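Q: File name coords-v3.cif; file contents mmCIF, C-alpha atoms; full text below.
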data_work
#
loop_
_atom_site.group_PDB
_atom_site.id
_atom_site.type_symbol
_atom_site.label_atom_id
_atom_site.label_comp_id
_atom_site.auth_asym_id
_atom_site.auth_seq_id
_atom_site.Cartn_x
_atom_site.Cartn_y
_atom_site.Cartn_z
ATOM 1 C CA ALA S 138 0.000 0.000 0.000
ATOM 2 C CA SER S 139 1.232 3.463 -0.810
ATOM 3 C CA ALA S 140 0.776 6.478 1.389
ATOM 4 C CA PHE S 141 0.053 10.047 0.437
ATOM 5 C CA THR S 142 2.548 12.754 1.331
ATOM 6 C CA LEU S 143 1.171 16.159 2.303
ATOM 7 C CA VAL S 144 2.744 18.846 0.117
ATOM 8 C CA GLY S 145 0.454 21.777 0.937
ATOM 9 C CA THR S 146 -2.982 22.861 1.992
ATOM 10 C CA VAL S 147 -5.661 24.970 0.353
ATOM 11 C CA ASN S 148 -9.116 26.205 1.242
ATOM 12 C CA SER S 149 -11.606 23.329 1.206
ATOM 13 C CA GLY S 150 -13.885 25.306 -1.119
ATOM 14 C CA ALA S 151 -11.216 25.718 -3.801
ATOM 15 C CA LYS S 152 -11.712 24.080 -7.195
ATOM 16 C CA LEU S 153 -8.130 23.633 -8.356
ATOM 17 C CA ARG S 154 -7.234 22.949 -11.968
ATOM 18 C CA GLY S 155 -3.856 21.912 -13.348
ATOM 19 C CA PRO S 156 -4.278 19.747 -16.452
ATOM 20 C CA PRO S 157 -1.397 18.964 -18.848
ATOM 21 C CA GLN S 158 -2.259 22.117 -20.851
ATOM 22 C CA GLN S 159 -1.054 24.141 -17.850
ATOM 23 C CA ASN S 160 2.455 22.621 -17.772
ATOM 24 C CA PHE S 161 5.147 25.209 -18.464
ATOM 25 C CA THR S 162 7.874 22.776 -19.407
ATOM 26 C CA LEU S 163 10.639 25.379 -19.755
ATOM 27 C CA ASP S 164 10.439 25.821 -15.950
ATOM 28 C CA ASP S 165 9.258 22.273 -15.205
ATOM 29 C CA VAL S 166 6.171 23.503 -13.354
ATOM 30 C CA VAL S 167 2.462 23.013 -13.598
ATOM 31 C CA VAL S 168 0.504 26.213 -13.045
ATOM 32 C CA ILE S 169 -2.547 25.573 -10.858
ATOM 33 C CA THR S 170 -5.601 27.829 -10.921
ATOM 34 C CA ASP S 171 -8.781 27.965 -8.838
ATOM 35 C CA LEU S 172 -12.248 28.290 -10.374
ATOM 36 C CA THR S 173 -13.531 29.903 -7.165
ATOM 37 C CA LEU S 174 -10.725 32.516 -7.055
ATOM 38 C CA THR S 175 -10.227 31.628 -3.396
ATOM 39 C CA GLU S 176 -6.602 30.536 -3.764
ATOM 40 C CA ASN S 177 -3.701 32.368 -5.346
ATOM 41 C CA VAL S 178 -2.334 30.837 -8.531
ATOM 42 C CA LYS S 179 -0.080 27.976 -7.425
ATOM 43 C CA GLN S 180 2.781 26.049 -8.967
ATOM 44 C CA TRP S 181 3.992 22.493 -8.500
ATOM 45 C CA ASN S 182 7.418 21.309 -9.667
ATOM 46 C CA GLY S 183 7.202 17.730 -8.416
ATOM 47 C CA THR S 184 8.731 18.662 -5.081
ATOM 48 C CA ALA S 185 7.361 22.015 -3.911
ATOM 49 C CA PHE S 186 3.775 23.303 -3.930
ATOM 50 C CA ALA S 187 3.756 27.090 -3.535
ATOM 51 C CA ASP S 188 2.258 30.338 -4.762
ATOM 52 C CA PHE S 189 3.160 30.964 -8.402
ATOM 53 C CA SER S 190 6.163 33.287 -8.677
ATOM 54 C CA HIS S 191 5.563 36.345 -10.814
ATOM 55 C CA ASN S 192 6.614 39.975 -11.140
ATOM 56 C CA LEU S 193 3.320 41.782 -10.457
ATOM 57 C CA GLY S 194 4.188 42.597 -6.835
ATOM 58 C CA THR S 195 0.801 41.531 -5.457
ATOM 59 C CA THR S 196 -1.319 38.429 -5.014
ATOM 60 C CA LEU S 197 -2.527 36.777 -8.204
ATOM 61 C CA LYS S 198 -5.643 34.665 -8.672
ATOM 62 C CA ALA S 199 -6.946 33.230 -11.944
ATOM 63 C CA LYS S 200 -9.699 30.855 -12.968
ATOM 64 C CA PHE S 201 -8.031 29.591 -16.139
ATOM 65 C CA ALA S 202 -4.565 29.014 -17.565
ATOM 66 C CA ARG S 203 -3.098 27.552 -20.722
ATOM 67 C CA VAL S 204 0.422 27.239 -22.052
ATOM 68 C CA ARG S 205 0.724 27.819 -25.778
ATOM 69 C CA ASN S 206 3.688 28.676 -27.995
ATOM 70 C CA GLU S 207 6.073 29.373 -25.083
ATOM 71 C CA ARG S 208 3.633 31.678 -23.274
ATOM 72 C CA LEU S 209 1.483 31.249 -20.197
ATOM 73 C CA TYR S 210 -2.010 32.677 -20.560
ATOM 74 C CA LEU S 211 -4.063 33.461 -17.460
ATOM 75 C CA ALA S 212 -7.729 34.415 -17.713
ATOM 76 C CA ASN S 213 -10.368 35.836 -15.393
ATOM 77 C CA VAL S 214 -7.727 37.253 -13.077
ATOM 78 C CA THR S 215 -7.579 39.166 -9.823
ATOM 79 C CA ALA S 216 -4.328 40.986 -9.083
ATOM 80 C CA GLY S 217 -4.312 42.253 -5.518
ATOM 81 C CA ALA S 218 -7.774 43.694 -4.859
ATOM 82 C CA THR S 219 -8.476 44.406 -8.546
ATOM 83 C CA ALA S 220 -10.754 41.850 -10.182
ATOM 84 C CA THR S 221 -10.585 41.796 -13.975
ATOM 85 C CA PRO S 222 -12.693 38.818 -15.062
ATOM 86 C CA HIS S 223 -12.721 40.082 -18.674
ATOM 87 C CA VAL S 224 -8.908 40.152 -19.030
ATOM 88 C CA LEU S 225 -6.466 37.674 -20.559
ATOM 89 C CA LEU S 226 -2.822 37.988 -19.460
ATOM 90 C CA GLY S 227 -0.079 36.677 -21.731
ATOM 91 C CA SER S 228 3.373 36.117 -20.243
ATOM 92 C CA ALA S 229 6.639 37.107 -21.836
ATOM 93 C CA LEU S 230 7.816 34.672 -24.481
ATOM 94 C CA GLY S 231 9.657 31.812 -22.780
ATOM 95 C CA ASP S 232 9.126 33.320 -19.307
ATOM 96 C CA ASP S 233 5.927 32.386 -17.475
ATOM 97 C CA ASN S 234 6.883 34.521 -14.463
ATOM 98 C CA THR S 235 6.878 37.850 -16.337
ATOM 99 C CA LEU S 236 3.369 39.290 -16.686
ATOM 100 C CA THR S 237 1.863 42.739 -17.165
ATOM 101 C CA THR S 238 -1.415 44.443 -16.384
ATOM 102 C CA THR S 239 -0.436 47.673 -18.162
ATOM 103 C CA VAL S 240 0.832 46.822 -21.676
ATOM 104 C CA ARG S 241 -1.600 46.016 -24.468
ATOM 105 C CA PRO S 242 -0.331 44.327 -27.635
ATOM 106 C CA SER S 243 -0.274 47.672 -29.447
ATOM 107 C CA GLY S 244 2.038 49.094 -26.754
ATOM 108 C CA ALA S 245 4.602 46.294 -26.760
ATOM 109 C CA VAL S 246 8.257 47.204 -27.241
ATOM 110 C CA SER S 247 9.438 43.781 -28.430
ATOM 111 C CA LEU S 248 7.884 40.659 -29.944
ATOM 112 C CA ALA S 249 8.517 38.733 -26.717
ATOM 113 C CA ASP S 250 6.865 41.222 -24.321
ATOM 114 C CA PRO S 251 4.102 40.204 -21.916
ATOM 115 C CA PHE S 252 0.698 41.764 -22.598
ATOM 116 C CA PHE S 253 -2.917 41.879 -21.537
ATOM 117 C CA ILE S 254 -5.999 41.949 -23.703
ATOM 118 C CA VAL S 255 -9.625 42.682 -22.851
ATOM 119 C CA THR S 256 -12.529 40.621 -24.186
ATOM 120 C CA PRO S 257 -14.345 42.565 -26.927
ATOM 121 C CA ASP S 258 -17.738 42.083 -25.249
ATOM 122 C CA LEU S 259 -16.306 42.973 -21.790
ATOM 123 C CA LYS S 260 -17.885 39.862 -20.282
ATOM 124 C CA PRO S 261 -16.090 37.547 -17.823
ATOM 125 C CA ILE S 262 -13.978 34.810 -19.350
ATOM 126 C CA ASN S 263 -15.440 31.391 -18.562
ATOM 127 C CA GLY S 264 -13.211 29.119 -20.600
ATOM 128 C CA LEU S 265 -10.001 28.695 -22.586
ATOM 129 C CA GLU S 266 -9.502 25.907 -25.100
ATOM 130 C CA GLU S 267 -7.120 25.102 -27.891
ATOM 131 C CA CYS S 268 -8.475 23.002 -30.730
ATOM 132 C CA PHE S 269 -8.087 22.637 -34.488
ATOM 133 C CA GLY S 270 -5.236 25.161 -34.476
ATOM 134 C CA GLN S 271 -7.360 27.809 -32.767
ATOM 135 C CA PHE S 272 -6.955 29.322 -29.283
ATOM 136 C CA LEU S 273 -10.496 30.025 -28.103
ATOM 137 C CA ILE S 274 -11.693 32.255 -25.275
ATOM 138 C CA SER S 275 -15.311 32.002 -24.139
ATOM 139 C CA THR S 276 -17.187 34.699 -22.237
ATOM 140 C CA ARG S 277 -20.098 34.156 -19.848
ATOM 141 C CA TYR S 278 -23.436 34.577 -21.679
ATOM 142 C CA GLY S 279 -21.340 35.989 -24.503
ATOM 143 C CA LYS S 280 -19.303 34.812 -27.438
ATOM 144 C CA ILE S 281 -16.361 32.644 -28.301
ATOM 145 C CA HIS S 282 -13.338 34.644 -29.431
ATOM 146 C CA ASN S 283 -10.212 33.441 -31.218
ATOM 147 C CA LEU S 284 -6.809 34.773 -30.164
ATOM 148 C CA THR S 285 -5.070 35.719 -33.401
ATOM 149 C CA GLY S 286 -1.579 37.028 -34.027
ATOM 150 C CA THR S 287 1.924 35.725 -33.497
ATOM 151 C CA SER S 288 3.608 38.248 -31.185
ATOM 152 C CA ALA S 289 3.036 40.898 -28.554
ATOM 153 C CA PHE S 290 2.711 43.390 -31.437
ATOM 154 C CA ASP S 291 -0.345 41.872 -33.099
ATOM 155 C CA PHE S 292 -2.312 39.636 -30.710
ATOM 156 C CA ASP S 293 -6.038 40.310 -30.997
ATOM 157 C CA LEU S 294 -9.341 38.690 -30.084
ATOM 158 C CA LYS S 295 -11.567 38.093 -33.119
ATOM 159 C CA ALA S 296 -15.139 36.832 -33.187
ATOM 160 C CA PHE S 297 -15.266 33.065 -33.639
ATOM 161 C CA TYR S 298 -18.805 32.056 -32.611
ATOM 162 C CA GLU S 299 -21.292 34.821 -31.899
ATOM 163 C CA GLY S 300 -24.092 32.683 -30.501
ATOM 164 C CA SER S 301 -22.339 30.690 -27.818
ATOM 165 C CA ALA S 302 -23.866 32.187 -24.643
ATOM 166 C CA ALA S 303 -22.043 29.570 -22.540
ATOM 167 C CA SER S 304 -22.919 30.273 -18.926
ATOM 168 C CA GLY S 305 -20.848 28.182 -16.524
ATOM 169 C CA ASP S 306 -17.151 27.900 -15.819
ATOM 170 C CA GLU S 307 -15.731 25.122 -17.987
ATOM 171 C CA ALA S 308 -18.877 25.103 -20.145
ATOM 172 C CA LEU S 309 -16.705 25.472 -23.231
#
Represent the structure contained in this file as structure tokens.
A:
Amino acid sequence: ASAFTLVGTVNSGAKLRGPPQQNFTLDDVVVITDLTLTENVKQWNGTAFADFSHNLGTTLKAKFARVRNERLYLANVTAGATATPHVLLGSALGDDNTLTTTVRPSGAVSLADPFFIVTPDLKPINGLEECFGQFLISTRYGKIHNLTGTSAFDFDLKAFYEGSAASGDEAL
């Protein structure tokens, strides 16, 4: 019989998520989010379970995360006391720990810069999925948007499916 080893504790009401799509393999960590936004974003490297290290200088909570093309994307975020459920953060290229809440793609200085982008319908993000070569962002009672572009200079959210109206977290 095997025994469990306690590596950390979280609030019993938390709904943690850390599927393979949230593995940032350059740092050998899985980024763990909480659908209830009770817990800070966490990371697990196979040995240590801790708050996710980042450069924002405050606490960071997010409902959703995905790793795609050397970037970590966090959605429906709260940084400190500021809740921004309609915002998608994109990390610096190759550096999941470098994020921004002040630079939009049009204001980036280099292709590798971190950025944030707001959902066009200003509704809370309730899902992220990658399928058929598309990176899709769903909004609550809203639409499905496709993240287009290849760098911090030209990322944009374009309409993908106007009639979605998905309501729950993970409904996508």
Q: With the file shown as input, list the residues that the PyMOL selection byres ((chain S and resi 291) around 12) selects, as a VMD selection string.
A: chain S and resid 241 to 250 252 to 254 284 to 290 292 to 295
Q: For this structure, which residues satisfy the selection - the PyMOL selection byres ((chain S and resi 205) around 9) - when it is evaluated on the file as given? I want them as a PDB file with C-alpha atoms, in the coordinates of the input.
A:
ATOM      1  CA  GLN S 158      -2.259  22.117 -20.851  1.00  0.00           C
ATOM      2  CA  GLN S 159      -1.054  24.141 -17.850  1.00  0.00           C
ATOM      3  CA  PHE S 161       5.147  25.209 -18.464  1.00  0.00           C
ATOM      4  CA  ARG S 203      -3.098  27.552 -20.722  1.00  0.00           C
ATOM      5  CA  VAL S 204       0.422  27.239 -22.052  1.00  0.00           C
ATOM      6  CA  ASN S 206       3.688  28.676 -27.995  1.00  0.00           C
ATOM      7  CA  GLU S 207       6.073  29.373 -25.083  1.00  0.00           C
ATOM      8  CA  ARG S 208       3.633  31.678 -23.274  1.00  0.00           C
ATOM      9  CA  LEU S 209       1.483  31.249 -20.197  1.00  0.00           C
ATOM     10  CA  TYR S 210      -2.010  32.677 -20.560  1.00  0.00           C
ATOM     11  CA  GLU S 267      -7.120  25.102 -27.891  1.00  0.00           C
ATOM     12  CA  PHE S 272      -6.955  29.322 -29.283  1.00  0.00           C
TER      13      PHE S 272
END
Q: Using all atoms listed in the file, can you tell me which of S:Thr237, S:Ser275, S:Ser149, S:Ser190 comes closest to S:Pro257?
A: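 Distance minimum relative to S:Pro257 lands on S:Ser275.
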Q: Give the answer as one residue: which of S:Gly279, S:Gly155, S:Gly227, S:Pro261 has the shortest atom-to-atom distance to S:Leu211, using all atoms listed in the file?
A: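 The shortest atom-to-atom distance to S:Leu211 comes from S:Gly227.
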Q: From the options S:Thr142, S:Gly217, S:Asn148, S:Ala308, which residue's atoms come nearest to S:Thr184, counting all atoms listed in the file?
A: S:Thr142
Q: Give me, please, the distance in Å between atom CA of S:Pro222 and atom CA of S:Lys200, quoted to one decimal.
A: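 Between these atoms lies a distance of 8.8 Å.
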Q: Rounded to one decimal, what separation in Å do you get between atom CA of S:Gly145 and atom CA of S:Asp306?
A: 25.1 Å
Q: Could you state which residues are captured by the PyMOL selection byres ((chain S and resi 181) around 9) in this file, as a VMD selection string?
A: chain S and resid 165 to 169 179 to 180 182 to 189
Q: Would you compute the distance between atom CA of S:Ala151 and atom CA of S:Asp232? Give it in Å to one decimal.
A: 26.7 Å
